[in-house]
>>> print(open('model_21.txt').read())   # compact mmCIF, N, CA and C atoms
# COMPACT_ATOMS: atom_id res chain seq x y z
N ALA M 1 -0.01 0.31 16.65
CA ALA M 1 1.03 1.25 16.24
C ALA M 1 0.42 2.61 15.97
N PRO M 2 1.13 3.67 16.27
CA PRO M 2 0.61 5.01 15.95
C PRO M 2 0.60 5.24 14.45
N ALA M 3 -0.08 6.30 14.03
CA ALA M 3 -0.12 6.65 12.60
C ALA M 3 1.29 6.93 12.10
N HIS M 4 1.54 6.57 10.86
CA HIS M 4 2.83 6.84 10.22
C HIS M 4 2.83 8.25 9.66
N GLU M 5 3.99 8.69 9.24
CA GLU M 5 4.08 9.94 8.47
C GLU M 5 3.26 9.74 7.20
N PRO M 6 2.76 10.82 6.59
CA PRO M 6 1.99 10.64 5.34
C PRO M 6 2.74 9.79 4.32
N ILE M 7 2.01 8.91 3.66
CA ILE M 7 2.59 8.00 2.67
C ILE M 7 2.12 8.43 1.29
N GLN M 8 3.07 8.51 0.36
CA GLN M 8 2.75 8.97 -0.99
C GLN M 8 2.60 7.79 -1.95
N ILE M 9 1.52 7.83 -2.73
CA ILE M 9 1.29 6.89 -3.82
C ILE M 9 1.35 7.71 -5.10
N VAL M 10 2.18 7.30 -6.05
CA VAL M 10 2.35 8.04 -7.30
C VAL M 10 1.61 7.34 -8.43
N VAL M 11 0.80 8.10 -9.17
CA VAL M 11 0.15 7.61 -10.38
C VAL M 11 1.05 8.02 -11.54
N THR M 12 1.58 7.02 -12.25
CA THR M 12 2.47 7.30 -13.38
C THR M 12 2.43 6.13 -14.36
N GLY M 13 2.42 6.44 -15.64
CA GLY M 13 2.41 5.39 -16.66
C GLY M 13 1.15 4.55 -16.63
N GLY M 14 0.06 5.10 -16.14
CA GLY M 14 -1.19 4.36 -16.09
C GLY M 14 -1.29 3.35 -14.97
N HIS M 15 -0.38 3.44 -13.97
CA HIS M 15 -0.46 2.56 -12.80
C HIS M 15 0.04 3.33 -11.58
N THR M 16 0.08 2.67 -10.44
CA THR M 16 0.55 3.33 -9.22
C THR M 16 1.82 2.67 -8.71
N VAL M 17 2.57 3.43 -7.94
CA VAL M 17 3.76 2.93 -7.26
C VAL M 17 3.62 3.31 -5.80
N PRO M 18 3.49 2.34 -4.90
CA PRO M 18 3.37 0.91 -5.08
C PRO M 18 1.95 0.51 -5.47
N THR M 19 1.74 -0.80 -5.72
CA THR M 19 0.40 -1.27 -6.09
C THR M 19 -0.35 -1.86 -4.90
N THR M 20 0.35 -2.18 -3.83
CA THR M 20 -0.25 -2.61 -2.57
C THR M 20 0.58 -2.05 -1.45
N ILE M 21 -0.09 -1.54 -0.42
CA ILE M 21 0.62 -1.02 0.74
C ILE M 21 -0.21 -1.31 1.99
N ALA M 22 0.47 -1.55 3.10
CA ALA M 22 -0.20 -1.76 4.38
C ALA M 22 0.38 -0.76 5.37
N PHE M 23 -0.51 -0.13 6.14
CA PHE M 23 -0.05 0.79 7.18
C PHE M 23 -1.08 0.89 8.29
N SER M 24 -0.71 1.59 9.36
CA SER M 24 -1.56 1.66 10.55
C SER M 24 -2.70 2.68 10.37
N PRO M 25 -3.77 2.53 11.17
CA PRO M 25 -4.90 3.46 11.08
C PRO M 25 -4.48 4.92 11.31
N GLN M 26 -5.26 5.82 10.78
CA GLN M 26 -5.09 7.27 10.90
C GLN M 26 -3.87 7.81 10.15
N THR M 27 -3.23 6.98 9.32
CA THR M 27 -2.13 7.44 8.48
C THR M 27 -2.72 8.08 7.24
N LYS M 28 -2.19 9.24 6.88
CA LYS M 28 -2.68 9.93 5.69
C LYS M 28 -1.99 9.39 4.45
N LEU M 29 -2.79 9.14 3.42
CA LEU M 29 -2.30 8.71 2.13
C LEU M 29 -2.39 9.91 1.19
N VAL M 30 -1.32 10.19 0.47
CA VAL M 30 -1.29 11.30 -0.48
C VAL M 30 -1.10 10.71 -1.87
N LEU M 31 -2.11 10.87 -2.72
CA LEU M 31 -2.05 10.37 -4.09
C LEU M 31 -1.61 11.50 -5.00
N VAL M 32 -0.51 11.31 -5.71
CA VAL M 32 0.05 12.34 -6.58
C VAL M 32 0.00 11.85 -8.02
N ASN M 33 -0.58 12.67 -8.92
CA ASN M 33 -0.69 12.31 -10.32
C ASN M 33 0.49 12.85 -11.13
N HIS M 34 1.32 11.95 -11.65
CA HIS M 34 2.43 12.32 -12.53
C HIS M 34 2.11 12.05 -13.98
N ASP M 35 0.90 11.58 -14.26
CA ASP M 35 0.48 11.31 -15.64
C ASP M 35 -0.06 12.58 -16.28
N PRO M 36 0.00 12.69 -17.62
CA PRO M 36 -0.55 13.87 -18.28
C PRO M 36 -2.09 13.88 -18.30
N PHE M 37 -2.71 12.72 -18.09
CA PHE M 37 -4.18 12.66 -18.08
C PHE M 37 -4.68 12.68 -16.64
N PRO M 38 -5.88 13.16 -16.41
CA PRO M 38 -6.42 13.23 -15.05
C PRO M 38 -7.21 11.98 -14.67
N PRO M 39 -6.66 11.11 -13.83
CA PRO M 39 -7.42 9.93 -13.42
C PRO M 39 -8.61 10.34 -12.55
N ARG M 40 -9.60 9.47 -12.51
CA ARG M 40 -10.79 9.68 -11.68
C ARG M 40 -10.84 8.55 -10.65
N LEU M 41 -9.93 8.62 -9.68
CA LEU M 41 -9.80 7.56 -8.68
C LEU M 41 -10.94 7.58 -7.68
N TYR M 42 -11.26 6.37 -7.18
CA TYR M 42 -12.28 6.21 -6.15
C TYR M 42 -12.00 4.91 -5.40
N VAL M 43 -12.61 4.75 -4.22
CA VAL M 43 -12.51 3.51 -3.46
C VAL M 43 -13.74 2.68 -3.76
N VAL M 44 -13.53 1.43 -4.15
CA VAL M 44 -14.62 0.53 -4.50
C VAL M 44 -15.46 0.23 -3.25
N GLY M 45 -16.77 0.46 -3.35
CA GLY M 45 -17.68 0.11 -2.27
C GLY M 45 -17.56 0.94 -1.01
N ASP M 46 -16.95 2.12 -1.09
CA ASP M 46 -16.76 2.95 0.09
C ASP M 46 -16.84 4.42 -0.33
N ASN M 47 -17.57 5.21 0.40
CA ASN M 47 -17.73 6.63 0.05
C ASN M 47 -16.67 7.53 0.67
N SER M 48 -15.64 6.95 1.30
CA SER M 48 -14.62 7.78 1.94
C SER M 48 -13.70 8.47 0.94
N PHE M 49 -13.70 8.01 -0.32
CA PHE M 49 -12.86 8.61 -1.37
C PHE M 49 -13.65 8.50 -2.66
N LYS M 50 -14.49 9.49 -2.89
CA LYS M 50 -15.39 9.46 -4.04
C LYS M 50 -14.65 9.80 -5.33
N GLU M 51 -15.20 9.31 -6.43
CA GLU M 51 -14.62 9.56 -7.75
C GLU M 51 -14.50 11.06 -8.00
N MET M 52 -13.27 11.46 -8.38
CA MET M 52 -13.01 12.86 -8.68
C MET M 52 -11.73 12.95 -9.51
N GLU M 53 -11.70 13.88 -10.44
CA GLU M 53 -10.53 14.07 -11.28
C GLU M 53 -9.37 14.63 -10.47
N THR M 54 -8.16 14.15 -10.80
CA THR M 54 -6.94 14.69 -10.21
C THR M 54 -6.07 15.17 -11.36
N SER M 55 -5.88 16.46 -11.49
CA SER M 55 -5.14 17.02 -12.61
C SER M 55 -3.69 16.57 -12.60
N SER M 56 -3.02 16.68 -13.75
CA SER M 56 -1.61 16.35 -13.86
C SER M 56 -0.83 17.23 -12.90
N GLY M 57 -0.02 16.62 -12.06
CA GLY M 57 0.73 17.36 -11.04
C GLY M 57 -0.06 17.61 -9.77
N GLY M 58 -1.35 17.26 -9.78
CA GLY M 58 -2.20 17.46 -8.62
C GLY M 58 -2.13 16.29 -7.66
N SER M 59 -2.78 16.46 -6.51
CA SER M 59 -2.79 15.40 -5.51
C SER M 59 -4.11 15.40 -4.75
N ARG M 60 -4.39 14.28 -4.10
CA ARG M 60 -5.54 14.12 -3.22
C ARG M 60 -5.09 13.39 -1.98
N ASP M 61 -5.70 13.72 -0.83
CA ASP M 61 -5.38 13.06 0.42
C ASP M 61 -6.53 12.14 0.82
N TRP M 62 -6.19 11.09 1.58
CA TRP M 62 -7.20 10.17 2.10
C TRP M 62 -6.71 9.57 3.39
N THR M 63 -7.60 9.44 4.34
CA THR M 63 -7.33 8.71 5.57
C THR M 63 -8.43 7.66 5.70
N ALA M 64 -8.04 6.42 5.89
CA ALA M 64 -9.01 5.32 5.94
C ALA M 64 -9.99 5.51 7.09
N PRO M 65 -11.26 5.20 6.86
CA PRO M 65 -12.26 5.33 7.92
C PRO M 65 -12.17 4.21 8.95
N GLY M 66 -11.40 3.16 8.68
CA GLY M 66 -11.27 2.05 9.62
C GLY M 66 -10.31 1.00 9.10
N THR M 67 -10.16 -0.09 9.83
CA THR M 67 -9.26 -1.15 9.41
C THR M 67 -9.89 -1.94 8.26
N GLY M 68 -9.06 -2.67 7.55
CA GLY M 68 -9.56 -3.48 6.45
C GLY M 68 -8.78 -3.26 5.18
N LYS M 69 -9.31 -3.81 4.09
CA LYS M 69 -8.68 -3.68 2.77
C LYS M 69 -9.52 -2.75 1.91
N TYR M 70 -8.85 -1.82 1.25
CA TYR M 70 -9.51 -0.85 0.37
C TYR M 70 -8.92 -0.99 -1.03
N GLU M 71 -9.81 -1.06 -2.02
CA GLU M 71 -9.38 -1.15 -3.41
C GLU M 71 -9.66 0.18 -4.09
N PHE M 72 -8.62 0.79 -4.63
CA PHE M 72 -8.73 2.04 -5.38
C PHE M 72 -8.74 1.70 -6.86
N ARG M 73 -9.61 2.36 -7.60
CA ARG M 73 -9.68 2.17 -9.05
C ARG M 73 -9.84 3.52 -9.73
N ASP M 74 -9.60 3.49 -11.04
CA ASP M 74 -9.78 4.68 -11.86
C ASP M 74 -10.96 4.43 -12.80
N HIS M 75 -11.91 5.34 -12.81
CA HIS M 75 -13.10 5.20 -13.65
C HIS M 75 -12.74 5.17 -15.13
N LEU M 76 -11.72 5.92 -15.55
CA LEU M 76 -11.38 6.02 -16.97
C LEU M 76 -10.41 4.94 -17.44
N THR M 77 -9.59 4.40 -16.53
CA THR M 77 -8.59 3.39 -16.88
C THR M 77 -8.78 2.19 -15.96
N PRO M 78 -9.54 1.18 -16.37
CA PRO M 78 -9.84 0.04 -15.50
C PRO M 78 -8.61 -0.72 -14.99
N THR M 79 -7.50 -0.65 -15.74
CA THR M 79 -6.30 -1.36 -15.31
C THR M 79 -5.57 -0.63 -14.20
N LEU M 80 -5.90 0.63 -13.96
CA LEU M 80 -5.25 1.39 -12.89
C LEU M 80 -6.00 1.08 -11.59
N ARG M 81 -5.36 0.28 -10.74
CA ARG M 81 -5.94 -0.01 -9.44
C ARG M 81 -4.82 -0.38 -8.47
N PHE M 82 -5.09 -0.12 -7.19
CA PHE M 82 -4.14 -0.49 -6.15
C PHE M 82 -4.90 -0.75 -4.86
N TYR M 83 -4.21 -1.38 -3.90
CA TYR M 83 -4.83 -1.80 -2.66
C TYR M 83 -4.13 -1.18 -1.46
N VAL M 84 -4.93 -0.85 -0.46
CA VAL M 84 -4.43 -0.34 0.81
C VAL M 84 -4.98 -1.25 1.90
N VAL M 85 -4.10 -1.78 2.73
CA VAL M 85 -4.49 -2.60 3.87
C VAL M 85 -4.23 -1.79 5.13
N ILE M 86 -5.28 -1.58 5.92
CA ILE M 86 -5.13 -0.84 7.18
C ILE M 86 -5.16 -1.87 8.31
N ASP M 87 -4.04 -1.94 9.04
CA ASP M 87 -3.87 -2.93 10.09
C ASP M 87 -3.22 -2.24 11.29
N PRO M 88 -3.85 -2.28 12.47
CA PRO M 88 -3.28 -1.61 13.64
C PRO M 88 -1.94 -2.20 14.09
N GLY M 89 -1.57 -3.37 13.59
CA GLY M 89 -0.29 -3.98 13.97
C GLY M 89 0.88 -3.55 13.10
N VAL M 90 0.64 -2.75 12.06
CA VAL M 90 1.75 -2.33 11.18
C VAL M 90 2.58 -1.27 11.89
N VAL M 91 3.86 -1.59 12.10
CA VAL M 91 4.76 -0.69 12.80
C VAL M 91 5.61 0.13 11.83
N ASP M 92 6.00 -0.49 10.71
CA ASP M 92 6.85 0.20 9.74
C ASP M 92 6.54 -0.35 8.35
N VAL M 93 6.86 0.43 7.34
CA VAL M 93 6.62 0.06 5.95
C VAL M 93 7.95 0.20 5.21
N VAL M 94 8.37 -0.86 4.51
CA VAL M 94 9.59 -0.82 3.70
C VAL M 94 9.33 -1.52 2.38
N TYR M 95 10.19 -1.23 1.42
CA TYR M 95 10.11 -1.84 0.10
C TYR M 95 11.46 -2.46 -0.22
N PRO M 96 11.47 -3.63 -0.90
CA PRO M 96 12.76 -4.21 -1.28
C PRO M 96 13.42 -3.40 -2.38
N GLY M 97 14.74 -3.37 -2.37
CA GLY M 97 15.51 -2.70 -3.41
C GLY M 97 15.65 -3.60 -4.63
N HIS M 98 16.46 -3.19 -5.58
CA HIS M 98 16.66 -3.96 -6.81
C HIS M 98 17.23 -5.35 -6.55
N ASN M 99 18.00 -5.49 -5.48
CA ASN M 99 18.58 -6.79 -5.15
C ASN M 99 17.69 -7.62 -4.23
N GLY M 100 16.51 -7.10 -3.88
CA GLY M 100 15.57 -7.83 -3.03
C GLY M 100 15.77 -7.60 -1.55
N ALA M 101 16.82 -6.88 -1.17
CA ALA M 101 17.10 -6.64 0.26
C ALA M 101 16.30 -5.44 0.76
N PHE M 102 15.98 -5.46 2.04
CA PHE M 102 15.32 -4.33 2.67
C PHE M 102 15.68 -4.33 4.14
N ALA M 103 15.52 -3.18 4.80
CA ALA M 103 15.86 -3.07 6.22
C ALA M 103 14.91 -2.10 6.90
N PHE M 104 14.62 -2.39 8.17
CA PHE M 104 13.85 -1.49 9.02
C PHE M 104 14.86 -0.70 9.83
N ARG M 105 14.78 0.62 9.81
CA ARG M 105 15.81 1.45 10.41
C ARG M 105 15.47 2.03 11.79
N SER M 106 14.20 2.18 12.10
CA SER M 106 13.88 2.92 13.32
C SER M 106 12.93 2.18 14.26
N LEU M 107 13.14 0.90 14.43
CA LEU M 107 12.28 0.13 15.32
C LEU M 107 12.80 0.18 16.76
N ALA M 108 11.88 0.29 17.70
CA ALA M 108 12.25 0.22 19.12
C ALA M 108 12.58 -1.23 19.46
N SER M 109 13.23 -1.45 20.58
CA SER M 109 13.56 -2.81 21.01
C SER M 109 12.29 -3.63 21.13
N GLY M 110 12.40 -4.89 20.78
CA GLY M 110 11.25 -5.78 20.89
C GLY M 110 11.26 -6.82 19.81
N ASP M 111 10.25 -7.64 19.83
CA ASP M 111 10.09 -8.68 18.83
C ASP M 111 8.99 -8.26 17.86
N TYR M 112 9.15 -8.62 16.61
CA TYR M 112 8.23 -8.20 15.56
C TYR M 112 7.89 -9.38 14.66
N PHE M 113 6.87 -9.19 13.83
CA PHE M 113 6.51 -10.17 12.82
C PHE M 113 6.56 -9.49 11.47
N LEU M 114 7.19 -10.14 10.50
CA LEU M 114 7.30 -9.64 9.15
C LEU M 114 6.16 -10.22 8.32
N LYS M 115 5.38 -9.33 7.68
CA LYS M 115 4.30 -9.75 6.81
C LYS M 115 4.51 -9.10 5.45
N ALA M 116 4.12 -9.79 4.40
CA ALA M 116 4.20 -9.25 3.05
C ALA M 116 2.81 -9.28 2.44
N TYR M 117 2.52 -8.28 1.58
CA TYR M 117 1.21 -8.17 0.93
C TYR M 117 1.38 -8.04 -0.57
N PHE M 118 0.42 -8.61 -1.30
CA PHE M 118 0.39 -8.50 -2.76
C PHE M 118 -1.07 -8.50 -3.18
N ASP M 119 -1.45 -7.59 -4.06
CA ASP M 119 -2.85 -7.46 -4.50
C ASP M 119 -3.81 -7.36 -3.31
N GLY M 120 -3.38 -6.67 -2.27
CA GLY M 120 -4.24 -6.43 -1.12
C GLY M 120 -4.38 -7.61 -0.19
N LYS M 121 -3.61 -8.68 -0.42
CA LYS M 121 -3.70 -9.87 0.42
C LYS M 121 -2.34 -10.16 1.04
N GLU M 122 -2.39 -10.72 2.26
CA GLU M 122 -1.17 -11.17 2.90
C GLU M 122 -0.66 -12.40 2.15
N VAL M 123 0.63 -12.44 1.85
CA VAL M 123 1.23 -13.56 1.11
C VAL M 123 2.40 -14.13 1.91
N GLY M 124 2.73 -15.37 1.63
CA GLY M 124 3.85 -16.01 2.32
C GLY M 124 3.51 -16.28 3.77
N SER M 125 4.48 -16.78 4.49
CA SER M 125 4.28 -17.06 5.90
C SER M 125 4.79 -15.89 6.74
N VAL M 126 4.17 -15.68 7.88
CA VAL M 126 4.60 -14.62 8.79
C VAL M 126 5.91 -15.05 9.42
N GLN M 127 6.88 -14.13 9.45
CA GLN M 127 8.21 -14.43 9.97
C GLN M 127 8.44 -13.67 11.28
N ALA M 128 8.84 -14.37 12.33
CA ALA M 128 9.19 -13.72 13.60
C ALA M 128 10.58 -13.10 13.44
N VAL M 129 10.74 -11.87 13.93
CA VAL M 129 12.00 -11.14 13.81
C VAL M 129 12.29 -10.44 15.13
N ALA M 130 13.50 -10.61 15.67
CA ALA M 130 13.92 -9.88 16.86
C ALA M 130 14.64 -8.62 16.43
N LYS M 131 14.43 -7.51 17.15
CA LYS M 131 15.09 -6.24 16.84
C LYS M 131 16.59 -6.46 16.72
N GLY M 132 17.16 -5.97 15.66
CA GLY M 132 18.60 -6.11 15.44
C GLY M 132 18.97 -7.42 14.78
N GLY M 133 17.99 -8.30 14.63
CA GLY M 133 18.24 -9.60 14.02
C GLY M 133 18.15 -9.53 12.51
N THR M 134 18.59 -10.58 11.88
CA THR M 134 18.52 -10.68 10.43
C THR M 134 17.68 -11.91 10.08
N VAL M 135 16.79 -11.75 9.14
CA VAL M 135 15.98 -12.86 8.66
C VAL M 135 16.27 -13.04 7.18
N GLU M 136 16.63 -14.24 6.81
CA GLU M 136 16.81 -14.53 5.40
C GLU M 136 15.61 -15.34 4.95
N LEU M 137 14.87 -14.82 3.99
CA LEU M 137 13.71 -15.53 3.46
C LEU M 137 14.20 -16.55 2.45
N ARG M 138 14.27 -17.80 2.87
CA ARG M 138 14.82 -18.85 2.02
C ARG M 138 13.81 -19.38 1.00
N GLU M 139 12.54 -19.26 1.31
CA GLU M 139 11.50 -19.70 0.40
C GLU M 139 10.86 -18.49 -0.26
N PRO M 140 10.57 -18.57 -1.54
CA PRO M 140 9.92 -17.42 -2.19
C PRO M 140 8.51 -17.22 -1.63
N LEU M 141 8.03 -15.99 -1.65
CA LEU M 141 6.67 -15.70 -1.22
C LEU M 141 5.74 -16.15 -2.33
N THR M 142 4.74 -16.95 -2.00
CA THR M 142 3.79 -17.47 -2.98
C THR M 142 2.72 -16.43 -3.22
N LEU M 143 2.48 -16.06 -4.46
CA LEU M 143 1.53 -15.02 -4.80
C LEU M 143 0.28 -15.55 -5.46
N THR M 144 0.00 -16.84 -5.33
CA THR M 144 -1.19 -17.41 -5.96
C THR M 144 -2.40 -17.30 -5.05
N GLU M 145 -3.57 -17.41 -5.63
CA GLU M 145 -4.81 -17.38 -4.87
C GLU M 145 -4.83 -18.49 -3.84
N GLY M 146 -5.39 -18.16 -2.67
CA GLY M 146 -5.59 -19.15 -1.64
C GLY M 146 -4.36 -19.51 -0.84
N LYS M 147 -3.27 -18.85 -1.05
CA LYS M 147 -2.03 -19.14 -0.30
C LYS M 147 -1.78 -18.07 0.71
>>> encode(input="model_21.txt", output="structure tokens")
Amino acid sequence: APAHEPIQIVVTGGHTVPTTIAFSPQTKLVLVNHDPFPPRLYVVGDNSFKEMETSSGGSRDWTAPGTGKYEFRDHLTPTLRFYVVIDPGVVDVVYPGHNGAFAFRSLASGDYFLKAYFDGKEVGSVQAVAKGGTVELREPLTLTEGK
């Protein structure tokens, strides 16, 4: 899949929204700080996003150097962390609403696979989806280790 439009991650209340995201390579990630304190975010084990302060209202950009899973952390607040999964097969990114429903709006004709991620890991079973079709997830997505 080609790169997506820039994706925004918001730092607020000492955490990020969302906490895990998957997208295609070469997509720009924009981290925006809405907290009054300046987090010192960095990527664990990777020098592509070195620790640096982001002022309140400020932002930083990042583009992954390759496919894989990246863990972002804050040097000052250990509980502030989120995951980015870079996968060349990601065609679109959506989030469920308050009622749990979600929809893909701009897919070309074809068959697709629905994948869900939590804590930087793929969860649940992969669901085959035909363009224009509806899939009802009858079983909850399991979020435990090893599933």
>>> closest_residue(input="model_21.txt", among="M:Ala22, M:Ile9, M:Val44, M:Ala116", to="Val93 of chain M", atoms="all atoms listed in the file")
M:Ala22
>>> atom_distance(input="model_21.txt", atom1="atom CA of Asn47 of chain M", atom2="atom N of Pro25 of chain M")
18.3 Å
>>> residues_near_point(input="model_21.txt", point="(3.4, 12.1, 6.3)", cutoff="8 Å", atoms="only N, CA and C atoms", output="list of chain:residue names")
M:His4, M:Glu5, M:Pro6, M:Ile7, M:Gln8, M:Thr27, M:Lys28, M:Leu29, M:Val30
>>> atom_distance(input="model_21.txt", atom1="atom C of Thr19 of chain M", atom2="atom N of Ser106 of chain M")
22.7 Å
>>> atom_distance(input="model_21.txt", atom1="atom C of Glu53 of chain M", atom2="atom CA of Phe72 of chain M")
13.6 Å
>>> select_by_dssp(input="model_21.txt", residues="segment 32-138 of chain M", states="strand (DSSP E or B)", output="ChimeraX atom specification")
/M:32-33,40-43,52-53,59-63,68-74,81-86,111-118,121-130
>>> residues_around(input="model_21.txt", residues="Ile86 of chain M", least_positions_apart="2", cutoff="5 Å", atoms="all atoms listed in the file", output="list in words")
Phe23, Thr67, Gly68, Lys69, Val84 and Pro88 of chain M
>>> write_last_selection(input="model_21.txt", atoms="N, CA and C atoms", output="mmCIF file, in the coordinates of the input")
data_model
loop_
_atom_site.group_PDB
_atom_site.id
_atom_site.type_symbol
_atom_site.label_atom_id
_atom_site.label_comp_id
_atom_site.auth_asym_id
_atom_site.auth_seq_id
_atom_site.Cartn_x
_atom_site.Cartn_y
_atom_site.Cartn_z
ATOM 1 N N PHE M 23 -0.510 -0.130 6.140
ATOM 2 C CA PHE M 23 -0.050 0.790 7.180
ATOM 3 C C PHE M 23 -1.080 0.890 8.290
ATOM 4 N N THR M 67 -10.160 -0.090 9.830
ATOM 5 C CA THR M 67 -9.260 -1.150 9.410
ATOM 6 C C THR M 67 -9.890 -1.940 8.260
ATOM 7 N N GLY M 68 -9.060 -2.670 7.550
ATOM 8 C CA GLY M 68 -9.560 -3.480 6.450
ATOM 9 C C GLY M 68 -8.780 -3.260 5.180
ATOM 10 N N LYS M 69 -9.310 -3.810 4.090
ATOM 11 C CA LYS M 69 -8.680 -3.680 2.770
ATOM 12 C C LYS M 69 -9.520 -2.750 1.910
ATOM 13 N N VAL M 84 -4.930 -0.850 -0.460
ATOM 14 C CA VAL M 84 -4.430 -0.340 0.810
ATOM 15 C C VAL M 84 -4.980 -1.250 1.900
ATOM 16 N N PRO M 88 -3.850 -2.280 12.470
ATOM 17 C CA PRO M 88 -3.280 -1.610 13.640
ATOM 18 C C PRO M 88 -1.940 -2.200 14.090
#
>>> closest_residue(input="model_21.txt", among="M:Lys50, M:Asn33, M:Val11, M:Val129", to="Ser109 of chain M", atoms="only C-alpha atoms")
M:Val129
>>> closest_residue(input="model_21.txt", among="M:Tyr70, M:Tyr42, M:Trp62, M:Phe102", to="Leu114 of chain M", atoms="only C-alpha atoms")
M:Phe102
>>> residues_near_point(input="model_21.txt", point="(-0.8, 14.8, -13.8)", cutoff="7 Å", atoms="only C-alpha atoms", output="MDAnalysis selection string")
chainID M and resid 33:38 55:58
>>> residues_around(input="model_21.txt", residues="His75 of chain M", least_positions_apart="4", cutoff="7 Å", atoms="all atoms listed in the file", output="JSON, numbers by chain")
{"M": [39, 40, 41, 42]}
>>> closest_residue(input="model_21.txt", among="M:Gly124, M:Asp87, M:Pro2, M:Asp46", to="Ile21 of chain M", atoms="only C-alpha atoms")
M:Asp87
>>> build_atoms(input="model_21.txt", residues="segment 72-83 of chain M", atoms="N, CA, C and O atoms", output="mmCIF file, in the frame of the given file")
data_model
loop_
_atom_site.group_PDB
_atom_site.id
_atom_site.type_symbol
_atom_site.label_atom_id
_atom_site.label_comp_id
_atom_site.auth_asym_id
_atom_site.auth_seq_id
_atom_site.Cartn_x
_atom_site.Cartn_y
_atom_site.Cartn_z
ATOM 1 N N PHE M 72 -8.620 0.790 -4.630
ATOM 2 C CA PHE M 72 -8.730 2.040 -5.380
ATOM 3 C C PHE M 72 -8.740 1.700 -6.860
ATOM 4 O O PHE M 72 -7.939 0.868 -7.317
ATOM 5 N N ARG M 73 -9.610 2.360 -7.600
ATOM 6 C CA ARG M 73 -9.680 2.170 -9.050
ATOM 7 C C ARG M 73 -9.840 3.520 -9.730
ATOM 8 O O ARG M 73 -10.192 4.508 -9.094
ATOM 9 N N ASP M 74 -9.600 3.490 -11.040
ATOM 10 C CA ASP M 74 -9.780 4.680 -11.860
ATOM 11 C C ASP M 74 -10.960 4.430 -12.800
ATOM 12 O O ASP M 74 -11.002 3.407 -13.487
ATOM 13 N N HIS M 75 -11.910 5.340 -12.810
ATOM 14 C CA HIS M 75 -13.100 5.200 -13.650
ATOM 15 C C HIS M 75 -12.740 5.170 -15.130
ATOM 16 O O HIS M 75 -13.367 4.451 -15.914
ATOM 17 N N LEU M 76 -11.720 5.920 -15.550
ATOM 18 C CA LEU M 76 -11.380 6.020 -16.970
ATOM 19 C C LEU M 76 -10.410 4.940 -17.440
ATOM 20 O O LEU M 76 -10.372 4.605 -18.612
ATOM 21 N N THR M 77 -9.590 4.400 -16.530
ATOM 22 C CA THR M 77 -8.590 3.390 -16.880
ATOM 23 C C THR M 77 -8.780 2.190 -15.960
ATOM 24 O O THR M 77 -8.225 2.160 -14.856
ATOM 25 N N PRO M 78 -9.540 1.180 -16.370
ATOM 26 C CA PRO M 78 -9.840 0.040 -15.500
ATOM 27 C C PRO M 78 -8.610 -0.720 -14.990
ATOM 28 O O PRO M 78 -8.663 -1.361 -13.972
ATOM 29 N N THR M 79 -7.500 -0.650 -15.740
ATOM 30 C CA THR M 79 -6.300 -1.360 -15.310
ATOM 31 C C THR M 79 -5.570 -0.630 -14.200
ATOM 32 O O THR M 79 -4.695 -1.209 -13.560
ATOM 33 N N LEU M 80 -5.900 0.630 -13.960
ATOM 34 C CA LEU M 80 -5.250 1.390 -12.890
ATOM 35 C C LEU M 80 -6.000 1.080 -11.590
ATOM 36 O O LEU M 80 -7.129 1.517 -11.381
ATOM 37 N N ARG M 81 -5.360 0.280 -10.740
ATOM 38 C CA ARG M 81 -5.940 -0.010 -9.440
ATOM 39 C C ARG M 81 -4.820 -0.380 -8.470
ATOM 40 O O ARG M 81 -3.770 -0.868 -8.867
ATOM 41 N N PHE M 82 -5.090 -0.120 -7.190
ATOM 42 C CA PHE M 82 -4.140 -0.490 -6.150
ATOM 43 C C PHE M 82 -4.900 -0.750 -4.860
ATOM 44 O O PHE M 82 -6.073 -0.424 -4.731
ATOM 45 N N TYR M 83 -4.210 -1.380 -3.900
ATOM 46 C CA TYR M 83 -4.830 -1.800 -2.660
ATOM 47 C C TYR M 83 -4.130 -1.180 -1.460
ATOM 48 O O TYR M 83 -2.903 -1.044 -1.450
#
